[in-house]
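start14.cif, holding mmCIF, C-alpha atoms and all ligand atoms:
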data_model
#
loop_
_atom_site.label_atom_id
_atom_site.label_comp_id
_atom_site.auth_asym_id
_atom_site.auth_seq_id
_atom_site.Cartn_x
_atom_site.Cartn_y
_atom_site.Cartn_z
CA MET Q 1 -162.03 -72.63 128.98
CA ILE Q 2 -164.56 -75.29 128.07
CA LYS Q 3 -167.89 -73.80 127.00
CA ASN Q 4 -170.12 -76.58 128.32
CA ASP Q 5 -168.58 -77.33 131.71
CA LEU Q 6 -171.61 -79.06 133.31
CA PHE Q 7 -169.77 -82.39 133.45
CA LEU Q 8 -166.69 -80.89 135.13
CA ARG Q 9 -168.88 -78.98 137.58
CA ALA Q 10 -170.80 -82.13 138.53
CA LEU Q 11 -167.45 -83.86 139.14
CA LYS Q 12 -166.57 -81.05 141.58
CA GLY Q 13 -169.95 -81.45 143.28
CA GLU Q 14 -171.10 -77.94 142.32
CA THR Q 15 -174.79 -76.99 142.08
CA VAL Q 16 -176.02 -77.21 138.48
CA GLN Q 17 -179.16 -76.24 136.55
CA ARG Q 18 -179.48 -79.81 135.30
CA PRO Q 19 -177.16 -82.81 135.50
CA PRO Q 20 -174.74 -83.50 132.63
CA VAL Q 21 -175.20 -86.58 130.44
CA TRP Q 22 -173.00 -88.87 128.33
CA MET Q 23 -173.19 -92.59 127.50
CA MET Q 24 -170.61 -95.30 128.00
CA ARG Q 25 -169.55 -96.63 124.58
CA GLN Q 26 -171.26 -93.68 122.91
CA ALA Q 27 -168.68 -93.78 120.11
CA GLY Q 28 -169.81 -97.05 118.67
CA ARG Q 29 -171.86 -99.54 116.79
CA TYR Q 30 -175.34 -98.02 117.05
CA LEU Q 31 -174.16 -95.13 114.82
CA PRO Q 32 -174.35 -95.67 111.03
CA GLU Q 33 -171.38 -93.34 110.48
CA PHE Q 34 -169.33 -95.54 112.87
CA ILE Q 35 -170.34 -98.69 110.99
CA ALA Q 36 -169.26 -97.08 107.71
CA LEU Q 37 -165.74 -96.60 109.13
CA ARG Q 38 -165.72 -100.04 110.77
CA ASP Q 39 -166.42 -101.64 107.42
CA LYS Q 40 -163.39 -99.87 105.93
CA TYR Q 41 -160.76 -100.19 108.68
CA ASP Q 42 -160.08 -102.99 111.17
CA PHE Q 43 -160.40 -102.34 114.89
CA PHE Q 44 -156.81 -101.58 115.87
CA THR Q 45 -156.28 -99.49 112.73
CA ARG Q 46 -159.15 -97.33 113.96
CA CYS Q 47 -157.54 -97.11 117.41
CA GLN Q 48 -154.03 -96.45 116.10
CA THR Q 49 -154.82 -93.84 113.46
CA PRO Q 50 -155.32 -90.51 115.27
CA GLU Q 51 -157.48 -89.07 112.46
CA LEU Q 52 -159.86 -92.06 112.65
CA ALA Q 53 -159.96 -92.21 116.46
CA ALA Q 54 -160.64 -88.46 116.64
CA GLU Q 55 -163.34 -88.62 113.96
CA ILE Q 56 -165.11 -91.54 115.73
CA THR Q 57 -164.88 -89.68 119.06
CA VAL Q 58 -166.70 -86.62 117.71
CA GLN Q 59 -169.35 -88.57 115.74
CA PRO Q 60 -171.74 -88.86 118.73
CA ILE Q 61 -171.11 -85.22 119.68
CA ARG Q 62 -172.43 -84.12 116.28
CA ARG Q 63 -175.28 -86.63 116.18
CA ILE Q 64 -176.72 -86.75 119.73
CA ALA Q 65 -174.84 -83.93 121.52
CA PRO Q 66 -173.96 -85.35 124.96
CA ASP Q 67 -172.19 -83.09 127.50
CA ALA Q 68 -168.84 -84.92 127.25
CA ALA Q 69 -166.85 -86.84 124.65
CA ILE Q 70 -164.98 -90.09 125.40
CA LEU Q 71 -161.92 -90.89 123.34
CA PHE Q 72 -162.42 -93.80 120.95
CA SER Q 73 -159.91 -96.48 121.92
CA ASP Q 74 -160.02 -99.71 123.91
CA ILE Q 75 -158.93 -100.91 127.33
CA LEU Q 76 -156.91 -103.67 125.63
CA VAL Q 77 -154.31 -101.29 124.16
CA ILE Q 78 -152.63 -101.60 127.58
CA PRO Q 79 -151.90 -105.36 127.51
CA GLN Q 80 -150.87 -104.92 123.88
CA ALA Q 81 -148.31 -102.27 124.89
CA MET Q 82 -147.08 -104.61 127.65
CA GLY Q 83 -146.10 -107.22 125.06
CA ILE Q 84 -149.21 -109.42 125.21
CA ASP Q 85 -150.70 -110.17 121.77
CA VAL Q 86 -154.27 -108.90 121.42
CA GLU Q 87 -156.49 -109.39 118.39
CA MET Q 88 -160.05 -108.15 117.86
CA LYS Q 89 -162.02 -110.72 115.90
CA PRO Q 90 -165.17 -109.50 114.16
CA ASN Q 91 -168.33 -111.04 115.71
CA PHE Q 92 -166.22 -112.63 118.46
CA GLY Q 93 -164.48 -109.85 120.38
CA PRO Q 94 -161.05 -109.78 121.96
CA TYR Q 95 -158.76 -112.79 121.37
CA LEU Q 96 -155.37 -113.14 123.07
CA PRO Q 97 -153.58 -116.10 121.45
CA ASN Q 98 -150.88 -116.39 124.16
CA PRO Q 99 -152.67 -115.97 127.49
CA ILE Q 100 -150.80 -115.66 130.79
CA ARG Q 101 -150.89 -118.90 132.77
CA THR Q 102 -147.61 -119.17 134.73
CA ILE Q 103 -145.15 -117.02 136.71
CA GLN Q 104 -142.75 -117.34 133.73
CA ASP Q 105 -145.42 -115.77 131.52
CA VAL Q 106 -145.84 -112.95 134.04
CA GLU Q 107 -142.07 -112.32 134.12
CA LYS Q 108 -142.05 -111.75 130.37
CA VAL Q 109 -144.67 -108.99 130.61
CA ILE Q 110 -143.07 -105.54 130.48
CA VAL Q 111 -143.93 -102.12 131.89
CA PRO Q 112 -143.39 -100.25 128.61
CA ASP Q 113 -142.32 -96.75 127.70
CA VAL Q 114 -145.80 -95.36 127.03
CA HIS Q 115 -144.52 -92.74 124.57
CA GLU Q 116 -143.02 -95.47 122.39
CA THR Q 117 -145.93 -97.89 122.54
CA LEU Q 118 -149.00 -95.70 123.00
CA GLY Q 119 -147.97 -92.44 121.36
CA TYR Q 120 -150.83 -92.83 118.88
CA VAL Q 121 -153.33 -92.42 121.75
CA PHE Q 122 -151.74 -89.15 122.87
CA ASP Q 123 -151.73 -87.90 119.27
CA ALA Q 124 -155.42 -88.84 118.97
CA ILE Q 125 -156.18 -86.84 122.12
CA LYS Q 126 -154.43 -83.72 120.79
CA LEU Q 127 -156.29 -83.97 117.49
CA THR Q 128 -159.63 -84.63 119.19
CA LYS Q 129 -159.16 -81.60 121.44
CA GLU Q 130 -158.64 -79.46 118.34
CA MET Q 131 -161.77 -80.89 116.71
CA LEU Q 132 -163.87 -80.40 119.86
CA ASN Q 133 -162.87 -76.74 119.88
CA ASP Q 134 -163.53 -76.50 123.68
CA GLU Q 135 -167.24 -77.21 123.18
CA VAL Q 136 -167.36 -80.16 125.63
CA PRO Q 137 -164.79 -81.89 127.87
CA LEU Q 138 -162.94 -85.02 126.75
CA ILE Q 139 -162.80 -88.17 128.89
CA GLY Q 140 -159.86 -90.58 128.75
CA PHE Q 141 -160.09 -94.09 130.15
CA ALA Q 142 -158.37 -97.30 131.10
CA GLY Q 143 -159.50 -100.71 132.29
CA SER Q 144 -158.93 -101.59 135.93
CA PRO Q 145 -155.92 -103.87 136.49
CA TRP Q 146 -158.25 -106.73 137.47
CA THR Q 147 -160.38 -106.33 134.32
CA ILE Q 148 -157.25 -106.24 132.13
CA MET Q 149 -155.92 -109.33 133.92
CA CYS Q 150 -159.22 -111.10 133.19
CA TYR Q 151 -158.52 -110.83 129.45
CA ALA Q 152 -154.77 -111.47 129.78
CA VAL Q 153 -155.36 -114.78 131.60
CA GLU Q 154 -158.64 -115.91 130.05
CA GLY Q 155 -157.49 -115.09 126.51
CA GLN Q 156 -160.98 -113.95 125.48
CA GLY Q 157 -164.25 -112.69 126.90
CA SER Q 158 -166.09 -114.91 129.36
CA LYS Q 159 -169.30 -115.02 131.40
CA SER Q 160 -167.48 -115.82 134.65
CA PHE Q 161 -163.71 -115.41 134.07
CA ASP Q 162 -163.05 -118.66 135.92
CA LYS Q 163 -159.50 -119.00 134.57
CA ALA Q 164 -158.59 -115.50 135.74
CA LYS Q 165 -160.05 -116.17 139.18
CA GLY Q 166 -158.36 -119.57 139.27
CA PHE Q 167 -155.01 -117.93 138.50
CA CYS Q 168 -155.47 -115.46 141.39
CA PHE Q 169 -156.38 -118.17 143.87
CA SER Q 170 -153.81 -120.78 142.81
CA HIS Q 171 -150.90 -118.42 142.01
CA PRO Q 172 -151.59 -115.34 144.17
CA GLU Q 173 -147.96 -114.12 144.14
CA ALA Q 174 -147.79 -114.25 140.35
CA ALA Q 175 -151.23 -112.62 140.08
CA HIS Q 176 -150.08 -109.74 142.28
CA VAL Q 177 -146.90 -109.24 140.26
CA LEU Q 178 -149.01 -109.03 137.09
CA LEU Q 179 -151.60 -106.72 138.67
CA GLN Q 180 -148.83 -104.40 139.86
CA LYS Q 181 -147.23 -104.27 136.40
CA ILE Q 182 -150.62 -103.40 134.86
CA THR Q 183 -151.16 -100.76 137.57
CA ASP Q 184 -147.75 -99.16 136.95
CA THR Q 185 -148.37 -99.05 133.19
CA THR Q 186 -151.89 -97.66 133.65
CA ILE Q 187 -150.64 -94.84 135.90
CA LEU Q 188 -147.99 -93.81 133.36
CA TYR Q 189 -150.57 -94.05 130.58
CA LEU Q 190 -153.32 -92.04 132.29
CA LYS Q 191 -150.89 -89.33 133.44
CA GLU Q 192 -149.76 -88.90 129.85
CA LYS Q 193 -153.38 -88.85 128.66
CA VAL Q 194 -154.05 -85.97 131.05
CA LYS Q 195 -150.91 -84.15 129.82
CA SER Q 196 -152.13 -84.64 126.26
CA GLY Q 197 -155.42 -82.93 127.07
CA VAL Q 198 -158.12 -85.18 128.55
CA ASP Q 199 -160.20 -83.36 131.15
CA ALA Q 200 -161.12 -86.40 133.28
CA VAL Q 201 -160.38 -90.11 133.35
CA GLN Q 202 -162.62 -93.11 133.92
CA ILE Q 203 -161.47 -96.51 135.13
CA PHE Q 204 -163.65 -99.34 133.79
CA ASP Q 205 -163.78 -102.26 136.21
CA SER Q 206 -166.15 -104.16 133.95
CA TRP Q 207 -165.52 -107.52 135.62
CA GLY Q 208 -165.07 -106.44 139.25
CA GLY Q 209 -168.48 -107.89 140.03
CA MET Q 210 -167.09 -111.39 139.34
CA LEU Q 211 -165.21 -111.22 142.65
CA SER Q 212 -166.55 -111.68 146.17
CA PRO Q 213 -166.43 -108.54 148.33
CA VAL Q 214 -163.33 -109.85 150.17
CA ASP Q 215 -161.48 -110.86 146.99
CA TYR Q 216 -162.49 -107.56 145.36
CA GLN Q 217 -160.48 -105.67 147.97
CA GLU Q 218 -157.38 -107.80 147.40
CA PHE Q 219 -157.42 -108.26 143.63
CA SER Q 220 -159.17 -105.18 142.30
CA TRP Q 221 -159.82 -102.25 144.62
CA LYS Q 222 -156.28 -102.17 146.06
CA TYR Q 223 -154.90 -101.48 142.56
CA ILE Q 224 -157.68 -99.12 141.45
CA ASN Q 225 -157.00 -97.08 144.57
CA GLN Q 226 -153.30 -96.80 143.66
CA ILE Q 227 -154.36 -95.35 140.31
CA ILE Q 228 -156.76 -92.91 141.98
CA GLU Q 229 -154.05 -91.76 144.41
CA ALA Q 230 -151.56 -91.27 141.57
CA LEU Q 231 -154.02 -89.32 139.37
CA ALA Q 232 -156.21 -87.38 141.79
CA ASP Q 233 -154.00 -84.27 141.75
CA ASP Q 234 -153.86 -84.29 137.92
CA ALA Q 235 -157.53 -84.76 136.90
CA PRO Q 236 -160.91 -85.93 138.21
CA VAL Q 237 -161.11 -89.74 138.36
CA ILE Q 238 -164.36 -91.69 137.82
CA VAL Q 239 -164.48 -95.34 138.86
CA PHE Q 240 -167.09 -97.56 137.23
CA GLY Q 241 -167.30 -101.02 138.77
CA LYS Q 242 -169.89 -103.19 137.04
CA GLY Q 243 -171.67 -105.25 139.69
CA CYS Q 244 -169.58 -103.62 142.42
CA TRP Q 245 -172.32 -102.05 144.55
CA PHE Q 246 -170.86 -103.88 147.56
CA ALA Q 247 -167.68 -101.78 147.28
CA LEU Q 248 -169.38 -98.36 147.05
CA GLY Q 249 -168.69 -97.69 150.75
CA GLU Q 250 -164.93 -98.17 150.36
CA MET Q 251 -164.93 -96.30 147.03
CA GLY Q 252 -166.83 -93.37 148.58
CA LYS Q 253 -163.98 -92.83 151.05
CA SER Q 254 -161.34 -92.64 148.29
CA ARG Q 255 -160.11 -89.60 146.35
CA ALA Q 256 -162.22 -90.54 143.31
CA SER Q 257 -164.38 -87.66 142.04
CA ALA Q 258 -167.29 -89.87 140.98
CA LEU Q 259 -168.48 -93.46 141.08
CA GLY Q 260 -170.32 -95.32 138.32
CA VAL Q 261 -173.32 -97.45 139.21
CA ASP Q 262 -175.03 -100.15 137.16
CA TRP Q 263 -178.81 -100.64 136.93
CA THR Q 264 -179.02 -103.42 139.50
CA CYS Q 265 -178.49 -100.92 142.33
CA SER Q 266 -181.25 -98.36 142.98
CA PRO Q 267 -180.19 -94.69 143.03
CA ARG Q 268 -181.31 -94.43 146.64
CA ASN Q 269 -179.26 -97.44 147.67
CA ALA Q 270 -176.22 -96.20 145.74
CA ARG Q 271 -176.40 -92.85 147.58
CA TYR Q 272 -176.72 -94.65 150.90
CA LEU Q 273 -173.90 -97.13 150.24
CA SER Q 274 -171.47 -94.51 148.89
CA GLY Q 275 -171.92 -92.28 151.93
CA GLY Q 276 -174.11 -89.62 150.30
CA ASN Q 277 -171.40 -87.09 149.45
CA ILE Q 278 -169.65 -88.27 146.31
CA THR Q 279 -170.89 -87.64 142.74
CA LEU Q 280 -172.58 -90.71 141.24
CA GLN Q 281 -172.87 -91.65 137.56
CA GLY Q 282 -175.36 -94.01 135.93
CA ASN Q 283 -177.47 -96.12 135.84
CA PHE Q 284 -180.10 -96.53 133.10
CA ASP Q 285 -180.46 -100.13 131.95
CA PRO Q 286 -178.97 -100.05 128.40
CA SER Q 287 -181.76 -102.38 127.18
CA ARG Q 288 -184.33 -99.83 128.39
CA LEU Q 289 -183.34 -97.68 125.40
CA LEU Q 290 -185.48 -100.14 123.40
CA SER Q 291 -188.61 -98.77 125.13
CA PRO Q 292 -190.80 -96.26 123.26
CA ILE Q 293 -189.37 -92.72 123.41
CA PRO Q 294 -192.02 -91.31 125.82
CA VAL Q 295 -191.25 -94.15 128.26
CA ILE Q 296 -187.50 -93.49 128.01
CA LYS Q 297 -188.04 -89.80 128.77
CA LYS Q 298 -190.33 -90.47 131.73
CA MET Q 299 -187.91 -93.02 133.21
CA VAL Q 300 -184.93 -90.68 132.77
CA HIS Q 301 -186.78 -87.93 134.66
CA GLU Q 302 -187.67 -90.37 137.44
CA MET Q 303 -184.04 -91.48 137.60
CA ILE Q 304 -182.83 -87.88 137.97
CA ASP Q 305 -185.44 -87.25 140.67
CA GLU Q 306 -184.21 -90.27 142.61
CA PHE Q 307 -180.48 -89.52 142.30
CA GLY Q 308 -181.06 -85.77 142.75
CA LYS Q 309 -179.87 -83.27 140.11
CA ASP Q 310 -176.65 -82.34 141.97
CA LYS Q 311 -173.56 -84.53 142.40
CA TYR Q 312 -174.95 -86.60 139.58
CA ILE Q 313 -173.92 -87.47 136.00
CA VAL Q 314 -176.62 -89.13 133.90
CA ASN Q 315 -175.35 -92.21 132.07
CA LEU Q 316 -176.28 -95.78 131.26
CA GLY Q 317 -175.50 -98.56 133.72
CA HIS Q 318 -173.10 -100.08 131.13
CA GLY Q 319 -172.22 -99.51 127.47
CA ILE Q 320 -174.88 -98.72 124.85
CA LEU Q 321 -175.94 -101.80 122.87
CA PRO Q 322 -175.48 -102.07 119.08
CA ASN Q 323 -179.22 -102.57 118.45
CA ILE Q 324 -180.36 -99.22 119.89
CA PRO Q 325 -182.05 -96.91 117.34
CA VAL Q 326 -180.18 -93.60 117.07
CA ASP Q 327 -183.35 -91.59 117.80
CA HIS Q 328 -183.75 -93.51 121.08
CA ALA Q 329 -180.16 -92.70 122.06
CA LYS Q 330 -180.86 -89.06 121.21
CA ALA Q 331 -184.10 -89.13 123.24
CA PHE Q 332 -182.09 -90.25 126.29
CA ILE Q 333 -179.77 -87.22 125.94
CA ASP Q 334 -182.66 -84.84 125.14
CA ALA Q 335 -184.66 -86.03 128.16
CA VAL Q 336 -181.85 -84.81 130.43
CA LYS Q 337 -181.68 -81.44 128.67
CA GLU Q 338 -185.45 -81.07 129.06
CA TYR Q 339 -185.33 -81.84 132.78
CA ASN Q 340 -186.91 -79.21 134.98
CA GLN Q 341 -187.07 -79.64 138.69
O1 LIG L 1 -167.13 -95.24 125.06
C1 LIG L 1 -166.74 -95.15 123.89
O2 LIG L 1 -167.50 -94.95 122.96
C2 LIG L 1 -165.26 -95.28 123.61
C3 LIG L 1 -164.94 -96.55 123.05
C4 LIG L 1 -164.68 -97.79 123.85
C5 LIG L 1 -164.44 -99.02 123.19
N1 LIG L 1 -164.09 -99.93 124.13
C6 LIG L 1 -164.53 -99.22 121.74
C7 LIG L 1 -164.86 -100.57 121.24
C8 LIG L 1 -164.53 -98.01 125.23
C9 LIG L 1 -164.73 -97.05 126.40
C10 LIG L 1 -164.14 -99.37 125.38
C11 LIG L 1 -163.80 -99.98 126.68
C12 LIG L 1 -163.83 -101.44 126.79
N2 LIG L 1 -163.34 -102.36 125.92
C13 LIG L 1 -164.32 -102.13 127.92
C14 LIG L 1 -164.86 -101.48 129.16
C15 LIG L 1 -166.24 -101.02 128.97
C16 LIG L 1 -167.25 -102.13 129.00
O3 LIG L 1 -167.99 -102.23 128.02
O4 LIG L 1 -167.29 -102.85 130.00
C17 LIG L 1 -164.16 -103.50 127.67
C18 LIG L 1 -164.56 -104.64 128.59
C19 LIG L 1 -163.51 -103.64 126.40
C20 LIG L 1 -163.08 -104.89 125.74
C21 LIG L 1 -163.77 -105.09 124.46
N3 LIG L 1 -163.55 -104.34 123.32
C22 LIG L 1 -164.73 -106.06 124.15
C23 LIG L 1 -165.27 -107.09 125.12
C24 LIG L 1 -165.08 -105.90 122.81
C25 LIG L 1 -165.98 -106.77 121.98
C26 LIG L 1 -167.38 -106.64 122.36
C27 LIG L 1 -167.95 -105.37 121.84
O5 LIG L 1 -168.33 -104.52 122.64
O6 LIG L 1 -168.03 -105.25 120.61
C28 LIG L 1 -164.37 -104.78 122.32
C29 LIG L 1 -164.45 -104.20 120.97
C30 LIG L 1 -164.83 -102.78 120.88
N4 LIG L 1 -164.31 -101.77 121.62
C31 LIG L 1 -165.77 -102.25 119.96
C32 LIG L 1 -165.79 -100.85 120.18
C33 LIG L 1 -166.58 -99.82 119.44
C34 LIG L 1 -166.58 -103.03 118.93
C35 LIG L 1 -165.77 -103.71 117.88
C36 LIG L 1 -165.48 -102.87 116.66
O7 LIG L 1 -165.77 -101.67 116.63
O8 LIG L 1 -164.94 -103.43 115.69
#
Let me see whether you can do it: turn the structure in this file into structure tokens.
Amino acid sequence: MIKNDLFLRALKGETVQRPPVWMMRQAGRYLPEFIALRDKYDFFTRCQTPELAAEITVQPIRRIAPDAAILFSDILVIPQAMGIDVEMKPNFGPYLPNPIRTIQDVEKVIVPDVHETLGYVFDAIKLTKEMLNDEVPLIGFAGSPWTIMCYAVEGQGSKSFDKAKGFCFSHPEAAHVLLQKITDTTILYLKEKVKSGVDAVQIFDSWGGMLSPVDYQEFSWKYINQIIEALADDAPVIVFGKGCWFALGEMGKSRASALGVDWTCSPRNARYLSGGNITLQGNFDPSRLLSPIPVIKKMVHEMIDEFGKDKYIVNLGHGILPNIPVDHAKAFIDAVKEYNQ
């Protein structure tokens, strides 16, 4: 039994004393102890070495004590396992030297044996669970098929992912074959993550908001929903769609346990759009953590008041930024623990 089960209770929609809190990308670059390891080991070495991944996962638990841990890894381990080369260049981000541009490229992409290609992730989960000692739950994650396809086609990060969108609209059959291969791999991967010990999974649709509402249904939501359906009996599923407020209605009718919201959608509007019954997660503007600590605390309390303390998981509206002082990150977590109705 997990000692602090606030997060799992909020996912079930149970009444809680206060909402749980964690931060997207909490295992990361705002922490000096993370930077010390980053300077010693390159990115994929950190992902592929269970001892390093587990250590990085528990760093924020020790330092700022959120109510859940998220496994240190990356969404791009999936395309890597599918035979697409992925590099992580310092000060640049992901770089895929052989991007997918044709149906022939898509045909070469494999749905791998996840034990063979991603066994290091499952080992990292088992080790992390031991280190967490049932103090807090562990979250596993994957990118949405659309967000993974964005990188696979674009070959790097982008402000608009025009090449990925262009591929969908000019080669829709090929795009759907690729999206289905990513979906099949992701289902196998997340099921094995749950078997290895994660207590919930989150799907990051970081670039869903690049699509129009109509295209979102066809190229993103359809595949996310397959993943939800395949996982819902195994573990709670959280879907975070950056910029995807327009899809909250459809998402609210799915078997997801919670929906992530970014800061451009008000809590009230997110409740209304999602149908009012499903647990919501979010949505503090990550840049707002640069405000003075008393302002952060006041705004966090106002945010909880507006979402309501139940069926709610406090989080940022996207990942924490590298320039956030650690005491400000801690103030965000503490503000939630100090919340009194
Ligand atoms: O939440 C956590 O703390 C777990 C760690 C985590 C990482 N990546 C580690 C990471 C998670 C949940 C991710 C997911 C991820 N990766 C997403 C979805 C979430 C989001 O932010 O939208 C995306 C789009 C990626 C792809 C990716 N990985 C990019 C664009 C970059 C470069 C930009 C950046 O954030 O630095 C990465 C690299 C990456 N992934 C880093 C970390 C800590 C920084 C590089 C490093 O540590 O060397």
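Nearest to ligand LIG 1 (chain L) of all the residues Q:Val194, Q:Leu6, Q:Leu211, Q:Leu37 is Q:Leu37, counting all atoms listed in the file.
Of note, CA of Trp245 (chain Q) and CA of Trp221 (chain Q) are spaced 12.5 Å apart.
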What residues of the protein or nucleic acid chains come within 7 Å of ligand LIG 1 (chain L) when you use all atoms listed in the file? Reply as a VMD selection string. chain Q and resid 24 to 29 38 42 to 43 70 to 76 88 90 92 to 94 141 143 157 204 206 318 to 319
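Between Lys165 (chain Q) and the residues Q:Ala54, Q:Leu132, Q:Met210, Q:Met299, the shortest atom-to-atom distance, using all atoms listed in the file, involves Q:Met210.
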Exercise: Gly119 (chain Q) partners within 10 Å, all atoms listed in the file, chain neighbours under 6 positions left out, as a PyMOL selection string: chain Q and resi 48+50+113+125+189+192-193
Need to verify the contact set: Arg62 (chain Q), 12 Å, all atoms listed in the file, exclusion of same-chain residues closer than 3 positions in sequence. Can you return it as number ranges by chain? Q: 26-27, 31, 33, 55-59, 65-69, 131-132, 135-136, 330
Got a moment to write region 268-275 of chain Q out with all heavy atoms, as a PDB file, in the first residue's frame?
ATOM      1  N   ARG Q 268     -12.473  27.386 -14.618  1.00  0.00           N
ATOM      2  CA  ARG Q 268     -13.930  27.321 -14.769  1.00  0.00           C
ATOM      3  C   ARG Q 268     -14.308  26.804 -16.156  1.00  0.00           C
ATOM      4  O   ARG Q 268     -15.163  25.945 -16.315  1.00  0.00           O
ATOM      5  CB  ARG Q 268     -14.492  28.736 -14.541  1.00  0.00           C
ATOM      6  CG  ARG Q 268     -15.932  28.766 -14.114  1.00  0.00           C
ATOM      7  CD  ARG Q 268     -16.310  30.126 -13.546  1.00  0.00           C
ATOM      8  NE  ARG Q 268     -15.870  30.285 -12.162  1.00  0.00           N
ATOM      9  CZ  ARG Q 268     -15.065  31.250 -11.728  1.00  0.00           C
ATOM     10  NH1 ARG Q 268     -14.600  32.152 -12.561  1.00  0.00           N
ATOM     11  NH2 ARG Q 268     -14.723  31.319 -10.462  1.00  0.00           N
ATOM     12  N   ASN Q 269     -13.637  27.329 -17.156  1.00  0.00           N
ATOM     13  CA  ASN Q 269     -13.926  26.919 -18.532  1.00  0.00           C
ATOM     14  C   ASN Q 269     -13.555  25.454 -18.757  1.00  0.00           C
ATOM     15  O   ASN Q 269     -14.274  24.712 -19.437  1.00  0.00           O
ATOM     16  CB  ASN Q 269     -13.150  27.835 -19.491  1.00  0.00           C
ATOM     17  CG  ASN Q 269     -13.841  27.972 -20.826  1.00  0.00           C
ATOM     18  OD1 ASN Q 269     -14.995  27.575 -20.970  1.00  0.00           O
ATOM     19  ND2 ASN Q 269     -13.136  28.522 -21.795  1.00  0.00           N
ATOM     20  N   ALA Q 270     -12.432  25.030 -18.160  1.00  0.00           N
ATOM     21  CA  ALA Q 270     -12.010  23.629 -18.307  1.00  0.00           C
ATOM     22  C   ALA Q 270     -13.041  22.692 -17.679  1.00  0.00           C
ATOM     23  O   ALA Q 270     -13.359  21.641 -18.246  1.00  0.00           O
ATOM     24  CB  ALA Q 270     -10.638  23.429 -17.664  1.00  0.00           C
ATOM     25  N   ARG Q 271     -13.572  23.069 -16.520  1.00  0.00           N
ATOM     26  CA  ARG Q 271     -14.628  22.254 -15.885  1.00  0.00           C
ATOM     27  C   ARG Q 271     -15.855  22.172 -16.797  1.00  0.00           C
ATOM     28  O   ARG Q 271     -16.428  21.103 -17.009  1.00  0.00           O
ATOM     29  CB  ARG Q 271     -15.061  22.879 -14.547  1.00  0.00           C
ATOM     30  CG  ARG Q 271     -14.106  22.666 -13.402  1.00  0.00           C
ATOM     31  CD  ARG Q 271     -14.228  21.275 -12.796  1.00  0.00           C
ATOM     32  NE  ARG Q 271     -13.320  21.121 -11.673  1.00  0.00           N
ATOM     33  CZ  ARG Q 271     -12.622  20.022 -11.404  1.00  0.00           C
ATOM     34  NH1 ARG Q 271     -12.716  18.954 -12.172  1.00  0.00           N
ATOM     35  NH2 ARG Q 271     -11.828  19.957 -10.358  1.00  0.00           N
ATOM     36  N   TYR Q 272     -16.230  23.331 -17.336  1.00  0.00           N
ATOM     37  CA  TYR Q 272     -17.416  23.391 -18.191  1.00  0.00           C
ATOM     38  C   TYR Q 272     -17.215  22.534 -19.443  1.00  0.00           C
ATOM     39  O   TYR Q 272     -18.043  21.673 -19.767  1.00  0.00           O
ATOM     40  CB  TYR Q 272     -17.689  24.856 -18.555  1.00  0.00           C
ATOM     41  CG  TYR Q 272     -18.747  25.021 -19.608  1.00  0.00           C
ATOM     42  CD1 TYR Q 272     -20.094  24.842 -19.315  1.00  0.00           C
ATOM     43  CD2 TYR Q 272     -18.387  25.352 -20.924  1.00  0.00           C
ATOM     44  CE1 TYR Q 272     -21.065  24.979 -20.289  1.00  0.00           C
ATOM     45  CE2 TYR Q 272     -19.353  25.487 -21.908  1.00  0.00           C
ATOM     46  CZ  TYR Q 272     -20.691  25.301 -21.592  1.00  0.00           C
ATOM     47  OH  TYR Q 272     -21.634  25.424 -22.566  1.00  0.00           O
ATOM     48  N   LEU Q 273     -16.066  22.733 -20.109  1.00  0.00           N
ATOM     49  CA  LEU Q 273     -15.822  22.040 -21.382  1.00  0.00           C
ATOM     50  C   LEU Q 273     -15.699  20.530 -21.200  1.00  0.00           C
ATOM     51  O   LEU Q 273     -16.106  19.760 -22.063  1.00  0.00           O
ATOM     52  CB  LEU Q 273     -14.550  22.591 -22.051  1.00  0.00           C
ATOM     53  CG  LEU Q 273     -14.622  24.022 -22.574  1.00  0.00           C
ATOM     54  CD1 LEU Q 273     -13.235  24.521 -22.973  1.00  0.00           C
ATOM     55  CD2 LEU Q 273     -15.573  24.115 -23.768  1.00  0.00           C
ATOM     56  N   SER Q 274     -15.122  20.107 -20.061  1.00  0.00           N
ATOM     57  CA  SER Q 274     -14.881  18.666 -19.868  1.00  0.00           C
ATOM     58  C   SER Q 274     -16.104  17.952 -19.287  1.00  0.00           C
ATOM     59  O   SER Q 274     -16.053  16.745 -19.045  1.00  0.00           O
ATOM     60  CB  SER Q 274     -13.668  18.449 -18.959  1.00  0.00           C
ATOM     61  OG  SER Q 274     -13.904  19.012 -17.682  1.00  0.00           O
ATOM     62  N   GLY Q 275     -17.164  18.680 -19.054  1.00  0.00           N
ATOM     63  CA  GLY Q 275     -18.407  18.047 -18.603  1.00  0.00           C
ATOM     64  C   GLY Q 275     -18.593  18.047 -17.092  1.00  0.00           C
ATOM     65  O   GLY Q 275     -19.613  17.576 -16.596  1.00  0.00           O
TER      66      GLY Q 275
END
